[in-house]
Amino acid sequence: MTPQQIIDKFAARETLFNLARQNYTFRQTVRVDTLAEDTDRVDGEYQQVTDITFDKDGKRAEHVVFAPQNSLERVQMTPADFDEIEHRLPFILTTEDLPKYDITYLGRQHIDELDTYVFSAAPKTFEKGKRYFQGKVWVDQQDFQIVLVNGITVPQDKRKGHEDLSPPFTTYYEQVDGKYWFPTYTKAEGNLHFVAQEGALANDVHMRNIVKYTDYKQYHATARIIYNGEDITDKKDTTQPPANPPQKPKP
């Protein structure tokens, strides 16, 4: 296949993967740390454990099961940070997304017992208010799904006093139910440079973010049978004989 045919095929598979993941429940564990420059020890931390489930109507729901006191002082979690955790760290590249990116074939690489195609991806243009992935993706040669990404979110907001920065990240994927490669682990780490304010020194913050996605389970919707306004889903009609009565064994 040509590189473009590979791109088209894995984008189609990523489209199916995206739809499939919307029908799975899972647990998302987020930990964001700032580290002291002199000791490399954690001096501020944000944690949250969330179960991504479905409500009784089959709609996507999030339930926070663990959220200790946020001790971050040198940075703060912004809406853009939460959006990044949800949409860009578990990066996908669907057929719909392809026109937004320049995709370049870089070759083949054997990683973690997998034979992969390697591509670089960069946004063609920047639409105001939107952020994109820029970096490399590794695509399994057999399943044509992304199994590893390494990159950074762009553009970074570097306006003085309004900085909204994030470190480069790597996301690993694992096969679930023998069909889909779902994100399971992300690590983002780097030094973020914040411009000095009036009368203050520039501030560099060493950040390390870990996101884990665990306990993937396919959601099975339940159906109810309503008859004359009564739920008879679990009721059986005992007034009628079985459609196929058991036969006596022949001698």
# chains A, B, ... in the order shown; residues from 1 in each chain; ligands from 1
>>> closest_atom_pairs(of="range 68-119 of chain A", to="range 132-151 of chain A", cutoff="7 Å", atoms="only C-alpha atoms", output="CSV")
residue,atom,partner,partner_atom,distance
A:Arg88,CA,A:Phe133,CA,6.6
A:Leu114,CA,A:Asp140,CA,6.7
A:Asp115,CA,A:Gln141,CA,5.8
A:Thr116,CA,A:Asp140,CA,4.5
A:Tyr117,CA,A:Val139,CA,5.1
A:Val118,CA,A:Trp138,CA,4.7
A:Phe119,CA,A:Val137,CA,5.4
>>> write_last_selection(atoms="N, CA, C and O atoms", output="compact mmCIF listing (two decimals), in the first residue's frame")
# COMPACT_ATOMS: atom_id res chain seq x y z
N ARG A 88 -7.01 15.25 23.96
CA ARG A 88 -5.76 15.23 23.22
C ARG A 88 -4.74 14.23 23.76
O ARG A 88 -3.96 13.68 22.99
N LEU A 114 5.76 -5.14 18.35
CA LEU A 114 4.80 -4.76 17.32
C LEU A 114 5.53 -4.16 16.13
O LEU A 114 6.48 -3.39 16.29
N ASP A 115 5.08 -4.50 14.94
CA ASP A 115 5.57 -3.87 13.72
C ASP A 115 4.65 -2.70 13.41
O ASP A 115 3.43 -2.88 13.28
N THR A 116 5.23 -1.52 13.29
CA THR A 116 4.41 -0.32 13.15
C THR A 116 4.85 0.54 11.97
O THR A 116 5.98 0.46 11.51
N TYR A 117 3.90 1.35 11.50
CA TYR A 117 4.18 2.45 10.59
C TYR A 117 4.31 3.71 11.45
O TYR A 117 3.53 3.90 12.39
N VAL A 118 5.23 4.58 11.10
CA VAL A 118 5.44 5.81 11.88
C VAL A 118 5.09 7.02 11.01
O VAL A 118 5.51 7.10 9.85
N PHE A 119 4.33 7.94 11.60
CA PHE A 119 3.92 9.15 10.90
C PHE A 119 4.15 10.36 11.79
O PHE A 119 4.10 10.26 13.02
>>> residues_around(residues="Asp102 in chain A", least_positions_apart="4", cutoff="7 Å", atoms="only C-alpha atoms", output="mmCIF file with C-alpha atoms, in the first residue's frame")
data_model
loop_
_atom_site.group_PDB
_atom_site.id
_atom_site.type_symbol
_atom_site.label_atom_id
_atom_site.label_comp_id
_atom_site.auth_asym_id
_atom_site.auth_seq_id
_atom_site.Cartn_x
_atom_site.Cartn_y
_atom_site.Cartn_z
ATOM 1 C CA ALA A 121 1.243 14.873 12.388
ATOM 2 C CA ALA A 122 0.961 18.660 12.530
ATOM 3 C CA PRO A 123 -2.060 20.955 12.177
ATOM 4 C CA LYS A 124 -2.440 22.646 8.785
#
>>> closest_residue(among="A:Thr170, A:Thr15, A:Thr50, A:Thr34", to="Ile92 in chain A", atoms="only C-alpha atoms")
A:Thr15
>>> select_by_dssp(residues="range 32-247 of chain A", states="strand (DSSP E)", output="count of residues only")
106
>>> atom_distance(atom1="CA of Thr186 in chain A", atom2="CA of Thr25 in chain A")
18.2 Å
>>> residues_around(residues="Pro3 in chain A", least_positions_apart="3", cutoff="8 Å", atoms="only C-alpha atoms", output="count of residues only")
3
>>> residues_around(residues="range 74-80 of chain A", least_positions_apart="4", cutoff="10 Å", atoms="only C-alpha atoms", output="ChimeraX atom specification")
/A:32-35,43-46,70,84-86,129-131,164-166,192,194,203-207
>>> closest_residue(among="A:Arg108, A:Lys128, A:Val30, A:His162", to="Phe82 in chain A", atoms="only C-alpha atoms")
A:Val30
>>> closest_residue(among="A:Ala36, A:Leu72, A:Val154, A:Leu93", to="Ala11 in chain A", atoms="only C-alpha atoms")
A:Leu93
>>> residues_around(residues="Tyr216 in chain A", least_positions_apart="2", cutoff="8 Å", atoms="only C-alpha atoms", output="number ranges by chain")
A: 24-27, 176, 213-214, 218
>>> write_last_selection(atoms="N, CA and C atoms", output="PDB file, in the first residue's frame")
ATOM      1  N   TYR A  24     -17.860   2.117  26.063  1.00  0.00           N
ATOM      2  CA  TYR A  24     -17.138   1.427  27.129  1.00  0.00           C
ATOM      3  C   TYR A  24     -17.137   2.285  28.392  1.00  0.00           C
ATOM      4  N   THR A  25     -17.228   1.621  29.520  1.00  0.00           N
ATOM      5  CA  THR A  25     -16.991   2.289  30.790  1.00  0.00           C
ATOM      6  C   THR A  25     -15.530   2.078  31.160  1.00  0.00           C
ATOM      7  N   PHE A  26     -14.974   3.010  31.932  1.00  0.00           N
ATOM      8  CA  PHE A  26     -13.595   2.862  32.375  1.00  0.00           C
ATOM      9  C   PHE A  26     -13.337   3.812  33.539  1.00  0.00           C
ATOM     10  N   ARG A  27     -12.223   3.616  34.198  1.00  0.00           N
ATOM     11  CA  ARG A  27     -11.798   4.495  35.291  1.00  0.00           C
ATOM     12  C   ARG A  27     -10.631   5.348  34.819  1.00  0.00           C
ATOM     13  N   VAL A 176      -7.910  -4.088  23.725  1.00  0.00           N
ATOM     14  CA  VAL A 176      -9.039  -4.428  24.590  1.00  0.00           C
ATOM     15  C   VAL A 176     -10.016  -5.285  23.795  1.00  0.00           C
ATOM     16  N   TYR A 213      -5.920   5.005  32.326  1.00  0.00           N
ATOM     17  CA  TYR A 213      -7.265   4.599  31.931  1.00  0.00           C
ATOM     18  C   TYR A 213      -7.340   3.087  32.143  1.00  0.00           C
ATOM     19  N   THR A 214      -8.200   2.657  33.064  1.00  0.00           N
ATOM     20  CA  THR A 214      -8.231   1.248  33.454  1.00  0.00           C
ATOM     21  C   THR A 214      -9.673   0.723  33.465  1.00  0.00           C
ATOM     22  N   GLN A 218     -17.253  -3.119  28.209  1.00  0.00           N
ATOM     23  CA  GLN A 218     -18.257  -2.713  27.230  1.00  0.00           C
ATOM     24  C   GLN A 218     -19.601  -2.555  27.902  1.00  0.00           C
TER      25      GLN A 218
END
>>> atom_distance(atom1="CA of Ala188 in chain A", atom2="CA of Asn209 in chain A")
5.0 Å
>>> select_by_dssp(residues="range 14-193 of chain A", states="alpha helix (DSSP H)", output="compact mmCIF listing (two decimals) with N, CA and C atoms, in the first residue's frame")
# COMPACT_ATOMS: atom_id res chain seq x y z
N GLU A 14 -9.56 4.21 13.12
CA GLU A 14 -9.64 5.09 14.27
C GLU A 14 -11.06 5.64 14.45
N THR A 15 -11.77 5.84 13.34
CA THR A 15 -13.16 6.28 13.42
C THR A 15 -14.00 5.22 14.13
N LEU A 16 -13.80 3.95 13.78
CA LEU A 16 -14.52 2.87 14.44
C LEU A 16 -14.13 2.77 15.91
N PHE A 17 -12.82 2.92 16.18
CA PHE A 17 -12.34 2.88 17.56
C PHE A 17 -12.99 3.97 18.39
N ASN A 18 -13.10 5.17 17.83
CA ASN A 18 -13.69 6.29 18.54
C ASN A 18 -15.14 6.00 18.91
N LEU A 19 -15.89 5.43 17.99
CA LEU A 19 -17.28 5.07 18.27
C LEU A 19 -17.35 3.96 19.31
N ALA A 20 -16.46 2.99 19.20
CA ALA A 20 -16.47 1.87 20.14
C ALA A 20 -16.17 2.32 21.56
N ARG A 21 -15.17 3.22 21.71
CA ARG A 21 -14.78 3.65 23.06
C ARG A 21 -15.91 4.40 23.75
N PRO A 79 -9.69 25.12 32.40
CA PRO A 79 -10.57 24.34 31.51
C PRO A 79 -9.80 23.72 30.35
N ALA A 80 -8.78 24.41 29.85
CA ALA A 80 -7.98 23.86 28.76
C ALA A 80 -7.24 22.60 29.19
N ASP A 81 -6.80 22.56 30.45
CA ASP A 81 -6.11 21.38 30.96
C ASP A 81 -7.05 20.17 31.00
N PHE A 82 -8.26 20.38 31.48
CA PHE A 82 -9.22 19.27 31.54
C PHE A 82 -9.63 18.83 30.14
N ASP A 83 -9.73 19.78 29.21
CA ASP A 83 -10.05 19.44 27.84
C ASP A 83 -8.93 18.62 27.21
N GLU A 84 -7.70 18.96 27.55
CA GLU A 84 -6.56 18.21 27.04
C GLU A 84 -6.57 16.78 27.55
N ILE A 85 -6.86 16.59 28.84
CA ILE A 85 -6.91 15.25 29.42
C ILE A 85 -7.96 14.40 28.72
N GLU A 86 -9.08 15.01 28.38
CA GLU A 86 -10.19 14.26 27.79
C GLU A 86 -10.00 14.00 26.30
N HIS A 87 -9.43 14.96 25.55
CA HIS A 87 -9.45 14.86 24.10
C HIS A 87 -8.09 14.70 23.42
>>> closest_residue(among="A:Tyr180, A:Asn23, A:Thr29, A:Tyr185", to="Gly58 in chain A", atoms="only C-alpha atoms")
A:Asn23
>>> atom_distance(atom1="CA of Thr171 in chain A", atom2="CA of Pro90 in chain A")
6.6 Å
>>> residues_around(residues="Asp51 in chain A", least_positions_apart="2", cutoff="8 Å", atoms="only C-alpha atoms", output="MDAnalysis selection string")
chainID A and resid 25:28 49 53 62:65
